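Enquirer: Following this line is structure00.txt, made up of compact mmCIF, C-alpha atoms:
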```txt
# COMPACT_ATOMS: atom_id res chain seq x y z
CA MET A 3 -30.81 -42.64 55.15
CA ARG A 4 -30.17 -45.22 52.41
CA ASP A 5 -33.41 -44.42 50.58
CA VAL A 6 -32.58 -40.73 50.53
CA ARG A 7 -28.88 -40.77 49.65
CA ARG A 8 -28.82 -43.27 46.82
CA PRO A 9 -31.37 -41.44 44.68
CA THR A 10 -29.46 -38.21 45.35
CA LEU A 11 -26.21 -39.64 43.96
CA ALA A 12 -28.01 -41.22 41.01
CA LEU A 13 -29.70 -37.90 40.20
CA ALA A 14 -26.33 -36.15 40.42
CA LEU A 15 -24.95 -38.66 37.91
CA VAL A 16 -27.85 -38.01 35.54
CA ALA A 17 -27.39 -34.25 35.90
CA VAL A 18 -23.67 -34.49 35.14
CA LEU A 19 -24.25 -36.81 32.17
CA SER A 20 -26.86 -34.51 30.67
CA ALA A 21 -24.48 -31.55 31.02
CA CYS A 22 -21.71 -33.51 29.29
CA GLN A 23 -22.95 -33.69 25.73
CA PRO A 24 -20.36 -33.65 22.93
CA PRO A 25 -19.33 -30.09 21.99
CA ALA A 26 -22.17 -28.33 20.19
CA ASP A 27 -21.71 -27.69 16.46
CA ARG A 28 -21.94 -23.90 16.30
CA SER A 29 -21.07 -23.66 12.59
CA THR A 30 -24.55 -22.88 11.25
CA GLY A 31 -25.32 -20.05 13.66
CA ALA A 32 -21.83 -18.66 13.20
CA ALA A 33 -22.12 -18.72 9.41
CA ASP A 34 -25.42 -16.84 9.61
CA ALA A 35 -23.80 -14.22 11.85
CA VAL A 36 -20.80 -13.85 9.52
CA ARG A 37 -23.04 -13.43 6.48
CA ALA A 38 -24.87 -10.66 8.34
CA ALA A 39 -21.54 -9.09 9.37
CA ASP A 40 -20.26 -9.13 5.78
CA ILE A 41 -23.46 -7.43 4.59
CA ALA A 42 -23.23 -4.88 7.41
CA TRP A 43 -19.58 -4.20 6.52
CA GLU A 44 -20.58 -3.56 2.91
CA LYS A 45 -23.30 -1.13 4.07
CA ALA A 46 -20.82 0.76 6.29
CA PHE A 47 -18.30 0.94 3.44
CA THR A 48 -20.73 1.98 0.71
CA SER A 49 -22.34 4.62 2.93
CA LYS A 50 -18.82 6.05 3.46
CA ASP A 51 -19.04 5.47 7.21
CA LEU A 52 -15.24 5.38 7.43
CA ALA A 53 -14.99 4.77 11.19
CA GLY A 54 -17.69 2.12 11.00
CA ALA A 55 -16.03 0.37 8.07
CA ILE A 56 -12.59 0.37 9.77
CA ALA A 57 -14.11 -0.99 12.99
CA PHE A 58 -15.03 -4.21 11.19
CA VAL A 59 -11.32 -5.07 10.90
CA GLU A 60 -9.44 -6.45 13.92
CA SER A 61 -6.78 -4.07 15.25
CA THR A 62 -4.13 -6.47 13.91
CA GLY A 63 -6.22 -7.46 10.86
CA SER A 64 -5.14 -6.98 7.27
CA VAL A 65 -6.79 -5.97 4.01
CA LEU A 66 -4.90 -7.27 0.95
CA PRO A 67 -5.72 -5.02 -2.01
CA PRO A 68 -4.55 -5.79 -5.55
CA ASN A 69 -1.61 -3.78 -6.91
CA ALA A 70 -0.80 -2.28 -3.52
CA PRO A 71 0.86 -3.46 -0.30
CA THR A 72 -1.05 -5.17 2.50
CA ALA A 73 -2.83 -2.73 4.83
CA THR A 74 -2.48 -3.92 8.44
CA GLY A 75 -4.09 -2.08 11.34
CA PRO A 76 -6.61 0.78 11.54
CA ALA A 77 -4.37 3.57 10.17
CA ALA A 78 -3.36 1.60 7.09
CA VAL A 79 -6.91 0.36 6.49
CA GLN A 80 -8.20 3.93 6.83
CA ALA A 81 -5.69 5.16 4.23
CA LEU A 82 -6.72 2.35 1.89
CA PHE A 83 -10.44 3.07 2.25
CA GLN A 84 -9.86 6.82 1.84
CA GLY A 85 -8.07 6.02 -1.41
CA PHE A 86 -11.24 4.30 -2.64
CA TYR A 87 -13.44 7.19 -1.47
CA ALA A 88 -11.21 9.61 -3.39
CA LEU A 89 -12.15 7.96 -6.69
CA PRO A 90 -14.63 10.22 -8.53
CA GLU A 91 -18.14 8.79 -8.79
CA LEU A 92 -17.14 5.63 -6.91
CA ASN A 93 -19.82 2.95 -6.87
CA LEU A 94 -18.59 -0.22 -5.13
CA HIS A 95 -20.69 -3.12 -3.90
CA TRP A 96 -20.03 -6.66 -2.78
CA GLN A 97 -22.15 -9.68 -1.87
CA PRO A 98 -21.16 -12.87 -0.03
CA THR A 99 -21.97 -16.01 -2.06
CA SER A 100 -20.58 -18.61 0.36
CA VAL A 101 -20.02 -18.48 4.10
CA GLU A 102 -18.77 -21.34 6.28
CA ALA A 103 -17.71 -21.45 9.92
CA ALA A 104 -15.76 -23.82 12.15
CA HIS A 105 -17.72 -26.21 14.39
CA SER A 106 -16.49 -24.23 17.40
CA GLY A 107 -18.03 -21.08 15.96
CA ASP A 108 -14.94 -18.90 16.48
CA LEU A 109 -13.47 -18.71 12.95
CA ALA A 110 -15.19 -18.42 9.56
CA TYR A 111 -14.78 -17.18 6.03
CA SER A 112 -17.01 -15.42 3.56
CA SER A 113 -16.42 -15.34 -0.18
CA GLY A 114 -18.26 -13.48 -2.89
CA THR A 115 -18.18 -11.01 -5.74
CA TYR A 116 -17.79 -7.25 -6.14
CA GLN A 117 -18.71 -4.68 -8.76
CA MET A 118 -17.00 -1.31 -8.94
CA SER A 119 -17.24 1.73 -11.19
CA PHE A 120 -15.59 5.14 -11.03
CA ASN A 121 -14.28 7.88 -13.28
CA SER A 122 -10.65 8.17 -14.30
CA PRO A 123 -8.86 11.49 -13.64
CA SER A 124 -9.78 12.47 -17.22
CA GLY A 125 -13.44 11.71 -16.51
CA LYS A 126 -13.58 8.43 -18.40
CA PRO A 127 -15.99 5.91 -16.81
CA LEU A 128 -14.19 2.74 -15.71
CA ALA A 129 -15.73 -0.49 -14.47
CA ASP A 130 -14.31 -3.47 -12.65
CA ARG A 131 -15.66 -6.68 -11.19
CA GLY A 132 -14.03 -9.40 -9.16
CA LYS A 133 -14.13 -11.66 -6.12
CA TYR A 134 -12.92 -11.83 -2.54
CA VAL A 135 -12.17 -14.06 0.43
CA THR A 136 -12.56 -12.71 3.97
CA VAL A 137 -11.51 -14.52 7.15
CA TRP A 138 -13.54 -13.59 10.24
CA ARG A 139 -13.02 -14.19 13.97
CA LYS A 140 -15.64 -14.03 16.71
CA GLN A 141 -14.73 -11.40 19.30
CA ALA A 142 -15.12 -11.57 23.08
CA ASP A 143 -18.29 -9.45 22.81
CA GLY A 144 -19.83 -11.89 20.32
CA SER A 145 -19.35 -9.68 17.26
CA TRP A 146 -17.38 -10.80 14.19
CA ARG A 147 -14.41 -8.90 12.82
CA VAL A 148 -12.11 -9.29 9.84
CA VAL A 149 -8.77 -11.08 10.24
CA ARG A 150 -7.79 -11.07 6.54
CA ASP A 151 -9.56 -9.76 3.44
CA ALA A 152 -8.19 -10.34 -0.06
CA PHE A 153 -9.80 -9.37 -3.36
CA ASN A 154 -8.89 -9.11 -7.01
CA SER A 155 -10.32 -8.40 -10.44
CA ASP A 156 -11.88 -10.86 -12.88
CA LEU A 157 -10.82 -8.61 -15.78
CA PRO A 158 -7.56 -8.82 -17.74
CA VAL A 159 -4.84 -6.29 -16.95
CA PRO A 160 -5.64 -3.18 -19.01
CA SER A 161 -3.87 -3.23 -22.35
CA SER A 162 -0.59 -1.32 -22.49
CA ALA A 163 -1.22 -0.40 -26.14
CA PRO A 164 -1.06 3.36 -26.71
CA LYS A 165 -4.51 4.95 -26.96
CA MET B 19 -24.19 -53.16 51.09
CA ARG B 20 -24.09 -49.47 51.93
CA ASP B 21 -20.31 -49.40 52.25
CA VAL B 22 -19.86 -51.04 48.86
CA ARG B 23 -22.48 -49.25 46.75
CA ARG B 24 -21.90 -45.68 47.78
CA PRO B 25 -18.21 -45.63 46.83
CA THR B 26 -19.14 -47.28 43.50
CA LEU B 27 -21.57 -44.50 42.63
CA ALA B 28 -19.13 -41.84 43.82
CA LEU B 29 -16.38 -43.35 41.66
CA ALA B 30 -18.71 -43.43 38.67
CA LEU B 31 -19.41 -39.73 39.24
CA VAL B 32 -15.69 -38.97 39.33
CA ALA B 33 -15.11 -41.01 36.17
CA VAL B 34 -17.89 -39.19 34.32
CA LEU B 35 -16.69 -35.79 35.52
CA SER B 36 -13.12 -36.47 34.41
CA ALA B 37 -14.38 -37.54 30.98
CA CYS B 38 -16.46 -34.36 30.68
CA GLN B 39 -13.80 -31.73 30.32
CA PRO B 40 -14.61 -28.65 28.23
CA PRO B 41 -13.97 -29.25 24.49
CA ALA B 42 -10.23 -29.42 23.83
CA ASP B 43 -8.67 -26.43 22.07
CA ARG B 44 -7.25 -28.00 18.92
CA SER B 45 -6.19 -24.71 17.33
CA THR B 46 -2.44 -24.98 17.93
CA GLY B 47 -2.02 -28.48 16.51
CA ALA B 48 -4.28 -27.60 13.59
CA ALA B 49 -2.31 -24.45 12.80
CA ASP B 50 0.93 -26.46 12.78
CA ALA B 51 -0.65 -28.98 10.39
CA VAL B 52 -1.95 -26.23 8.09
CA ARG B 53 1.44 -24.52 7.97
CA ALA B 54 2.97 -27.87 6.94
CA ALA B 55 0.21 -28.37 4.34
CA ASP B 56 0.79 -24.91 2.87
CA ILE B 57 4.54 -25.62 2.59
CA ALA B 58 3.83 -29.05 1.05
CA TRP B 59 1.42 -27.45 -1.44
CA GLU B 60 4.11 -24.98 -2.47
CA LYS B 61 6.59 -27.83 -2.97
CA ALA B 62 4.10 -29.75 -5.14
CA PHE B 63 3.38 -26.64 -7.20
CA THR B 64 6.97 -25.52 -7.68
CA SER B 65 8.11 -29.05 -8.60
CA LYS B 66 5.37 -29.02 -11.29
CA ASP B 67 3.64 -32.02 -9.71
CA LEU B 68 0.37 -30.98 -11.33
CA ALA B 69 -1.77 -33.84 -9.96
CA GLY B 70 -0.27 -33.38 -6.51
CA ALA B 71 -0.84 -29.62 -6.55
CA ILE B 72 -4.47 -30.00 -7.69
CA ALA B 73 -5.12 -32.62 -5.00
CA PHE B 74 -4.52 -29.99 -2.31
CA VAL B 75 -7.73 -28.22 -3.38
CA GLU B 76 -11.13 -29.60 -2.28
CA SER B 77 -13.22 -30.93 -5.19
CA THR B 78 -15.54 -27.93 -4.72
CA GLY B 79 -12.70 -25.59 -3.71
CA SER B 80 -11.79 -22.40 -5.55
CA VAL B 81 -8.61 -20.59 -6.50
CA LEU B 82 -9.18 -16.85 -7.06
CA PRO B 83 -6.44 -15.55 -9.36
CA PRO B 84 -6.02 -11.86 -10.17
CA ASN B 85 -7.21 -10.66 -13.57
CA ALA B 86 -8.97 -13.92 -14.35
CA PRO B 87 -12.19 -15.64 -13.27
CA THR B 88 -12.42 -17.87 -10.20
CA ALA B 89 -11.27 -21.44 -10.85
CA THR B 90 -13.59 -23.89 -9.05
CA GLY B 91 -13.02 -27.65 -9.12
CA PRO B 92 -10.14 -29.82 -10.34
CA ALA B 93 -10.48 -29.16 -14.10
CA ALA B 94 -10.52 -25.38 -13.70
CA VAL B 95 -7.68 -25.45 -11.16
CA GLN B 96 -5.66 -27.66 -13.51
CA ALA B 97 -6.16 -25.21 -16.40
CA LEU B 98 -5.10 -22.34 -14.14
CA PHE B 99 -1.95 -24.11 -12.94
CA GLN B 100 -1.09 -25.20 -16.50
CA GLY B 101 -1.33 -21.53 -17.48
CA PHE B 102 1.34 -20.73 -14.89
CA TYR B 103 3.53 -23.65 -16.02
CA ALA B 104 3.31 -22.36 -19.61
CA LEU B 105 5.09 -19.13 -18.62
CA PRO B 106 8.70 -19.32 -19.86
CA GLU B 107 11.29 -19.59 -17.11
CA LEU B 108 8.62 -19.49 -14.40
CA ASN B 109 10.00 -19.23 -10.88
CA LEU B 110 7.19 -18.96 -8.32
CA HIS B 111 7.48 -19.42 -4.57
CA TRP B 112 5.31 -18.64 -1.57
CA GLN B 113 5.71 -18.78 2.21
CA PRO B 114 3.05 -18.64 4.93
CA THR B 115 3.70 -15.85 7.43
CA SER B 116 0.63 -16.35 9.63
CA VAL B 117 -1.54 -19.39 10.24
CA GLU B 118 -4.46 -19.63 12.66
CA ALA B 119 -7.06 -22.34 13.22
CA ALA B 120 -10.44 -22.61 14.91
CA HIS B 121 -10.59 -24.09 18.42
CA SER B 122 -12.40 -27.11 16.96
CA GLY B 123 -9.47 -27.72 14.62
CA ASP B 124 -11.59 -28.14 11.49
CA LEU B 125 -11.13 -24.77 9.73
CA ALA B 126 -8.05 -22.56 9.39
CA TYR B 127 -6.38 -19.97 7.24
CA SER B 128 -2.83 -19.32 6.12
CA SER B 129 -1.58 -16.00 4.81
CA GLY B 130 1.77 -15.08 3.36
CA THR B 131 3.79 -13.68 0.49
CA TYR B 132 4.80 -14.85 -2.97
CA GLN B 133 7.58 -14.00 -5.41
CA MET B 134 7.29 -14.78 -9.11
CA SER B 135 9.48 -14.24 -12.16
CA PHE B 136 9.08 -15.34 -15.77
CA ASN B 137 9.88 -14.18 -19.27
CA SER B 138 7.42 -12.30 -21.47
CA PRO B 139 6.63 -13.72 -24.94
CA SER B 140 9.35 -11.39 -26.27
CA GLY B 141 11.84 -12.82 -23.76
CA LYS B 142 11.84 -9.84 -21.41
CA PRO B 143 12.31 -10.87 -17.74
CA LEU B 144 9.33 -9.87 -15.59
CA ALA B 145 9.04 -10.03 -11.82
CA ASP B 146 6.09 -9.86 -9.47
CA ARG B 147 5.55 -10.15 -5.76
CA GLY B 148 2.42 -10.19 -3.67
CA LYS B 149 0.39 -11.83 -0.91
CA TYR B 150 -2.31 -14.42 -0.39
CA VAL B 151 -5.00 -15.74 1.93
CA THR B 152 -5.88 -19.45 1.88
CA VAL B 153 -8.79 -21.04 3.78
CA TRP B 154 -8.23 -24.70 4.72
CA ARG B 155 -10.57 -27.43 5.96
CA LYS B 156 -9.59 -30.65 7.75
CA GLN B 157 -10.73 -33.68 5.78
CA ALA B 158 -12.20 -36.94 7.08
CA ASP B 159 -8.79 -38.61 6.67
CA GLY B 160 -7.11 -35.92 8.81
CA SER B 161 -5.42 -34.12 5.91
CA TRP B 162 -5.99 -30.44 5.15
CA ARG B 163 -7.25 -29.17 1.81
CA VAL B 164 -7.91 -25.76 0.30
CA VAL B 165 -11.43 -24.28 0.37
CA ARG B 166 -10.52 -20.86 -1.05
CA ASP B 167 -7.22 -19.34 -2.15
CA ALA B 168 -6.92 -15.69 -3.20
CA PHE B 169 -3.77 -13.82 -4.15
CA ASN B 170 -2.76 -10.55 -5.75
CA SER B 171 0.24 -8.38 -6.56
CA ASP B 172 1.91 -5.74 -4.39
CA LEU B 173 3.06 -3.91 -7.54
CA PRO B 174 1.18 -1.14 -9.35
CA VAL B 175 -0.66 -2.03 -12.55
CA PRO B 176 1.95 -1.82 -15.35
CA SER B 177 1.99 1.62 -16.91
CA SER B 178 -0.09 2.03 -20.06
CA ALA B 179 2.41 4.56 -21.43
CA PRO B 180 3.75 3.55 -24.85
CA LYS B 181 7.25 2.07 -24.67
```
Would you mind writing the file out in structure tokens?
Expert:
Amino acid sequence: MRDVRRPTLALALVAVLSACQPPADRSTGAADAVRAADIAWEKAFTSKDLAGAIAFVESTGSVLPPNAPTATGPAAVQALFQGFYALPELNLHWQPTSVEAAHSGDLAYSSGTYQMSFNSPSGKPLADRGKYVTVWRKQADGSWRVVRDAFNSDLPVPSSAPK
Amino acid sequence: MRDVRRPTLALALVAVLSACQPPADRSTGAADAVRAADIAWEKAFTSKDLAGAIAFVESTGSVLPPNAPTATGPAAVQALFQGFYALPELNLHWQPTSVEAAHSGDLAYSSGTYQMSFNSPSGKPLADRGKYVTVWRKQADGSWRVVRDAFNSDLPVPSSAPK
């Protein structure tokens, strides 16, 4: 009995020890997933897949557009995106330039640049460029969705001088 | 020997098991610390403690102001803050309204609102209000510093109609 039981307990100890590593650093894999999610969000938005683009934002998530109130929740985000789509000849793209995630792999941010062009109501071509910060959270199903998204222009406020 | 050794191994197993809990969820304590850091940053900024306000931003951190390029690193952040301080009669305050942190307690965001007033070069009082998202990272010394900070106005772009 002794020769059988002691190795069994020792093996159990080894098994428990090997299962008890320090928490894994999930930041690299999470950052890769968030970069892919940001790129997929851009594709949904630019292809005017309104439902797809809205679905990237958590149901309590917020988009913070410049010169307009915060849009929180699907209805407000939809109205905001529809406002963009209503701009004649809209061409809007963004690219993440830095993405970092927490060690636990549940929270991350992406940050990058955007370029936008459209026509004014009078048909005048207008261009803008700027930058953004997006906070992402990993969902129960493993996907990543937007908690907060803020962006603004690099360009000075348009002159108020009469044309 | 049997009666002594078997309890010793069993106790070792219990000790190892009790030390091998799942990773602690540090999100609540981290969120409290980030809220305090955001409030302390606001106090440093509004009291015109320039060095103190700059020190809240990581050396590779960025502030993303509206209608201006991204300010990355202490020199650029200093120039940006000095630009604010140069506004006559500046009165700028912000308050975090939501703060959440990763389970690992190393990355977090705060989001909130700001109110600003100042005088134009001609002495006309101007007011602005808006919102922000700030990404924070816990430092080796336990303090929290800013990785990215983006903000923008709730108000429409000033009219370009001649006065």
Enquirer: Here is a test: counting only C-alpha atoms, which residue of A:Asp34, A:Asp51, A:Asp27, A:Asp40 is nearest to chain B?
Expert: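 Answer, going by the shortest atom-to-atom distance: A:Asp27.
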Enquirer: For region 164-173 of chain B, please output as a PDB file with C-alpha atoms, in the frame of the given file all residues within 7 Å (counting all atoms listed in the file; exclusion window: fewer than 6 positions along the same chain).
Expert:
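Done, and the output landed in part11.pdb:
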```pdb
ATOM      1  CA  PRO A  68      -4.550  -5.790  -5.550  1.00  0.00           C
ATOM      2  CA  ASN A  69      -1.610  -3.780  -6.910  1.00  0.00           C
ATOM      3  CA  ALA A  70      -0.800  -2.280  -3.520  1.00  0.00           C
ATOM      4  CA  PRO A  71       0.860  -3.460  -0.300  1.00  0.00           C
ATOM      5  CA  VAL A 135     -12.170 -14.060   0.430  1.00  0.00           C
ATOM      6  CA  ALA A 152      -8.190 -10.340  -0.060  1.00  0.00           C
ATOM      7  CA  PHE A 153      -9.800  -9.370  -3.360  1.00  0.00           C
ATOM      8  CA  ASN A 154      -8.890  -9.110  -7.010  1.00  0.00           C
TER       9      ASN A 154
ATOM     10  CA  PHE B  74      -4.520 -29.990  -2.310  1.00  0.00           C
ATOM     11  CA  VAL B  75      -7.730 -28.220  -3.380  1.00  0.00           C
ATOM     12  CA  GLU B  76     -11.130 -29.600  -2.280  1.00  0.00           C
ATOM     13  CA  GLY B  79     -12.700 -25.590  -3.710  1.00  0.00           C
ATOM     14  CA  SER B  80     -11.790 -22.400  -5.550  1.00  0.00           C
ATOM     15  CA  VAL B  81      -8.610 -20.590  -6.500  1.00  0.00           C
ATOM     16  CA  LEU B  82      -9.180 -16.850  -7.060  1.00  0.00           C
ATOM     17  CA  PRO B  83      -6.440 -15.550  -9.360  1.00  0.00           C
ATOM     18  CA  PRO B  84      -6.020 -11.860 -10.170  1.00  0.00           C
ATOM     19  CA  ASP B 146       6.090  -9.860  -9.470  1.00  0.00           C
ATOM     20  CA  ARG B 147       5.550 -10.150  -5.760  1.00  0.00           C
ATOM     21  CA  GLY B 148       2.420 -10.190  -3.670  1.00  0.00           C
ATOM     22  CA  LYS B 149       0.390 -11.830  -0.910  1.00  0.00           C
ATOM     23  CA  TYR B 150      -2.310 -14.420  -0.390  1.00  0.00           C
ATOM     24  CA  VAL B 151      -5.000 -15.740   1.930  1.00  0.00           C
ATOM     25  CA  THR B 152      -5.880 -19.450   1.880  1.00  0.00           C
ATOM     26  CA  VAL B 153      -8.790 -21.040   3.780  1.00  0.00           C
ATOM     27  CA  TRP B 154      -8.230 -24.700   4.720  1.00  0.00           C
ATOM     28  CA  ARG B 155     -10.570 -27.430   5.960  1.00  0.00           C
TER      29      ARG B 155
END
```
Enquirer: Using all C-alpha atoms paired in order, least-squares fit chain A onto chain B and give me the moved copy as a short mmCIF file (atom, residue, chain, number, x, y, z; two decimals) with C-alpha atoms, keeping the file's coordinate frame.
Expert:
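Everything below was put into out-v4.cif:
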```
data_model
loop_
_atom_site.label_atom_id
_atom_site.label_comp_id
_atom_site.auth_asym_id
_atom_site.auth_seq_id
_atom_site.Cartn_x
_atom_site.Cartn_y
_atom_site.Cartn_z
CA MET A 3 -23.77 -54.41 49.81
CA ARG A 4 -23.81 -50.76 50.92
CA ASP A 5 -20.02 -50.57 51.25
CA VAL A 6 -19.56 -51.93 47.75
CA ARG A 7 -22.23 -50.04 45.81
CA ARG A 8 -21.73 -46.53 47.10
CA PRO A 9 -18.05 -46.33 46.15
CA THR A 10 -18.96 -47.76 42.74
CA LEU A 11 -21.45 -44.95 42.04
CA ALA A 12 -19.06 -42.32 43.38
CA LEU A 13 -16.27 -43.64 41.16
CA ALA A 14 -18.63 -43.58 38.18
CA LEU A 15 -19.37 -39.92 38.94
CA VAL A 16 -15.66 -39.11 39.09
CA ALA A 17 -15.06 -40.96 35.82
CA VAL A 18 -17.87 -39.07 34.07
CA LEU A 19 -16.71 -35.72 35.47
CA SER A 20 -13.14 -36.29 34.34
CA ALA A 21 -14.37 -37.18 30.84
CA CYS A 22 -16.47 -34.00 30.71
CA GLN A 23 -13.83 -31.31 30.45
CA PRO A 24 -14.67 -28.18 28.43
CA PRO A 25 -13.99 -28.67 24.70
CA ALA A 26 -10.26 -28.82 24.04
CA ASP A 27 -8.70 -25.83 22.25
CA ARG A 28 -7.28 -27.47 19.13
CA SER A 29 -6.20 -24.19 17.50
CA THR A 30 -2.44 -24.48 18.09
CA GLY A 31 -2.06 -28.01 16.74
CA ALA A 32 -4.32 -27.18 13.82
CA ALA A 33 -2.33 -24.06 12.95
CA ASP A 34 0.89 -26.08 12.97
CA ALA A 35 -0.69 -28.64 10.64
CA VAL A 36 -1.98 -25.93 8.28
CA ARG A 37 1.42 -24.25 8.12
CA ALA A 38 2.92 -27.61 7.17
CA ALA A 39 0.16 -28.16 4.58
CA ASP A 40 0.76 -24.74 3.02
CA ILE A 41 4.49 -25.48 2.76
CA ALA A 42 3.77 -28.92 1.29
CA TRP A 43 1.36 -27.36 -1.23
CA GLU A 44 4.07 -24.92 -2.30
CA LYS A 45 6.53 -27.82 -2.75
CA ALA A 46 4.02 -29.77 -4.88
CA PHE A 47 3.31 -26.68 -7.00
CA THR A 48 6.92 -25.60 -7.50
CA SER A 49 8.03 -29.14 -8.35
CA LYS A 50 5.30 -29.15 -11.04
CA ASP A 51 3.55 -32.11 -9.41
CA LEU A 52 0.27 -31.09 -11.05
CA ALA A 53 -1.88 -33.90 -9.60
CA GLY A 54 -0.36 -33.38 -6.17
CA ALA A 55 -0.91 -29.62 -6.29
CA ILE A 56 -4.56 -30.00 -7.42
CA ALA A 57 -5.21 -32.56 -4.68
CA PHE A 58 -4.60 -29.88 -2.04
CA VAL A 59 -7.80 -28.12 -3.13
CA GLU A 60 -11.19 -29.46 -2.01
CA SER A 61 -13.29 -30.83 -4.88
CA THR A 62 -15.60 -27.82 -4.47
CA GLY A 63 -12.75 -25.45 -3.51
CA SER A 64 -11.83 -22.32 -5.42
CA VAL A 65 -8.63 -20.54 -6.40
CA LEU A 66 -9.17 -16.81 -7.04
CA PRO A 67 -6.42 -15.58 -9.38
CA PRO A 68 -5.97 -11.91 -10.26
CA ASN A 69 -7.17 -10.77 -13.70
CA ALA A 70 -8.96 -14.04 -14.39
CA PRO A 71 -12.20 -15.70 -13.28
CA THR A 72 -12.44 -17.87 -10.17
CA ALA A 73 -11.30 -21.47 -10.74
CA THR A 74 -13.64 -23.86 -8.90
CA GLY A 75 -13.09 -27.61 -8.89
CA PRO A 76 -10.22 -29.84 -10.06
CA ALA A 77 -10.58 -29.25 -13.83
CA ALA A 78 -10.59 -25.47 -13.50
CA VAL A 79 -7.74 -25.50 -10.97
CA GLN A 80 -5.74 -27.78 -13.28
CA ALA A 81 -6.23 -25.38 -16.20
CA LEU A 82 -5.15 -22.47 -14.01
CA PHE A 83 -2.01 -24.23 -12.78
CA GLN A 84 -1.15 -25.39 -16.32
CA GLY A 85 -1.36 -21.75 -17.38
CA PHE A 86 1.31 -20.92 -14.80
CA TYR A 87 3.48 -23.87 -15.88
CA ALA A 88 3.26 -22.66 -19.49
CA LEU A 89 5.08 -19.44 -18.58
CA PRO A 90 8.69 -19.67 -19.83
CA GLU A 91 11.28 -19.88 -17.07
CA LEU A 92 8.61 -19.74 -14.36
CA ASN A 93 9.99 -19.39 -10.85
CA LEU A 94 7.19 -19.06 -8.27
CA HIS A 95 7.47 -19.43 -4.52
CA TRP A 96 5.31 -18.58 -1.54
CA GLN A 97 5.72 -18.64 2.24
CA PRO A 98 3.07 -18.46 4.97
CA THR A 99 3.72 -15.59 7.42
CA SER A 100 0.65 -16.03 9.63
CA VAL A 101 -1.52 -19.06 10.29
CA GLU A 102 -4.45 -19.23 12.72
CA ALA A 103 -7.06 -21.91 13.33
CA ALA A 104 -10.45 -22.13 15.03
CA HIS A 105 -10.60 -23.54 18.58
CA SER A 106 -12.41 -26.57 17.18
CA GLY A 107 -9.50 -27.25 14.85
CA ASP A 108 -11.64 -27.72 11.72
CA LEU A 109 -11.15 -24.39 9.90
CA ALA A 110 -8.06 -22.20 9.51
CA TYR A 111 -6.37 -19.66 7.30
CA SER A 112 -2.83 -19.06 6.17
CA SER A 113 -1.55 -15.77 4.79
CA GLY A 114 1.81 -14.89 3.33
CA THR A 115 3.83 -13.58 0.43
CA TYR A 116 4.84 -14.81 -3.02
CA GLN A 117 7.61 -14.05 -5.48
CA MET A 118 7.31 -14.88 -9.16
CA SER A 119 9.49 -14.43 -12.23
CA PHE A 120 9.09 -15.58 -15.81
CA ASN A 121 9.89 -14.52 -19.35
CA SER A 122 7.44 -12.68 -21.57
CA PRO A 123 6.67 -14.18 -25.01
CA SER A 124 9.40 -11.89 -26.40
CA GLY A 125 11.87 -13.27 -23.86
CA LYS A 126 11.87 -10.25 -21.56
CA PRO A 127 12.35 -11.20 -17.88
CA LEU A 128 9.38 -10.15 -15.75
CA ALA A 129 9.09 -10.21 -11.98
CA ASP A 130 6.15 -9.97 -9.63
CA ARG A 131 5.60 -10.17 -5.90
CA GLY A 132 2.47 -10.16 -3.81
CA LYS A 133 0.44 -11.73 -1.02
CA TYR A 134 -2.28 -14.29 -0.45
CA VAL A 135 -4.97 -15.56 1.90
CA THR A 136 -5.89 -19.25 1.93
CA VAL A 137 -8.79 -20.79 3.85
CA TRP A 138 -8.26 -24.43 4.87
CA ARG A 139 -10.62 -27.13 6.17
CA LYS A 140 -9.67 -30.31 8.02
CA GLN A 141 -10.83 -33.38 6.11
CA ALA A 142 -12.32 -36.60 7.49
CA ASP A 143 -8.91 -38.29 7.11
CA GLY A 144 -7.22 -35.58 9.18
CA SER A 145 -5.52 -33.85 6.25
CA TRP A 146 -6.06 -30.17 5.42
CA ARG A 147 -7.31 -28.96 2.06
CA VAL A 148 -7.95 -25.58 0.49
CA VAL A 149 -11.45 -24.09 0.54
CA ARG A 150 -10.54 -20.69 -0.95
CA ASP A 151 -7.22 -19.21 -2.09
CA ALA A 152 -6.91 -15.59 -3.21
CA PHE A 153 -3.74 -13.75 -4.20
CA ASN A 154 -2.71 -10.52 -5.85
CA SER A 155 0.29 -8.40 -6.74
CA ASP A 156 1.97 -5.72 -4.62
CA LEU A 157 3.13 -3.97 -7.81
CA PRO A 158 1.28 -1.23 -9.70
CA VAL A 159 -0.57 -2.20 -12.87
CA PRO A 160 2.00 -2.11 -15.69
CA SER A 161 2.08 1.26 -17.40
CA SER A 162 0.00 1.53 -20.57
CA ALA A 163 2.51 3.99 -22.06
CA PRO A 164 3.80 2.83 -25.45
CA LYS A 165 7.26 1.27 -25.25
#
```
Enquirer: Kindly indicate which residue among A:Ala17, A:Ala104, A:Ala129, A:Ala39 lies nearest to chain B, using only C-alpha atoms for the distances.
Expert: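 Of A:Ala17, A:Ala104, A:Ala129, A:Ala39, the one nearest chain B, counting only C-alpha atoms, is A:Ala104.
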Enquirer: Have a look at CA of Pro127 (chain A) and CA of Ala78 (chain A) and let me know their distance in Å, one decimal.
Expert: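 Spanning CA of Pro127 (chain A) to CA of Ala78 (chain A) is a straight-line distance of 27.4 Å.
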Enquirer: Quote the spacing between CA of Ile72 (chain B) and CA of Val95 (chain B) in Å to one decimal place.
Expert: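 Between these atoms lies a distance of 6.6 Å.
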Enquirer: The centre and edge lengths of an axis-aligned box containing all atoms of region 129-141 of chain B present in the file, extended by 8 Å on each side, are to be given in Å to one decimal, as AutoDock Vina command-line options.
Expert:
```
--center_x 5.1 --center_y -13.7 --center_z -10.7 --size_x 29.4 --size_y 20.6 --size_z 47.1
```
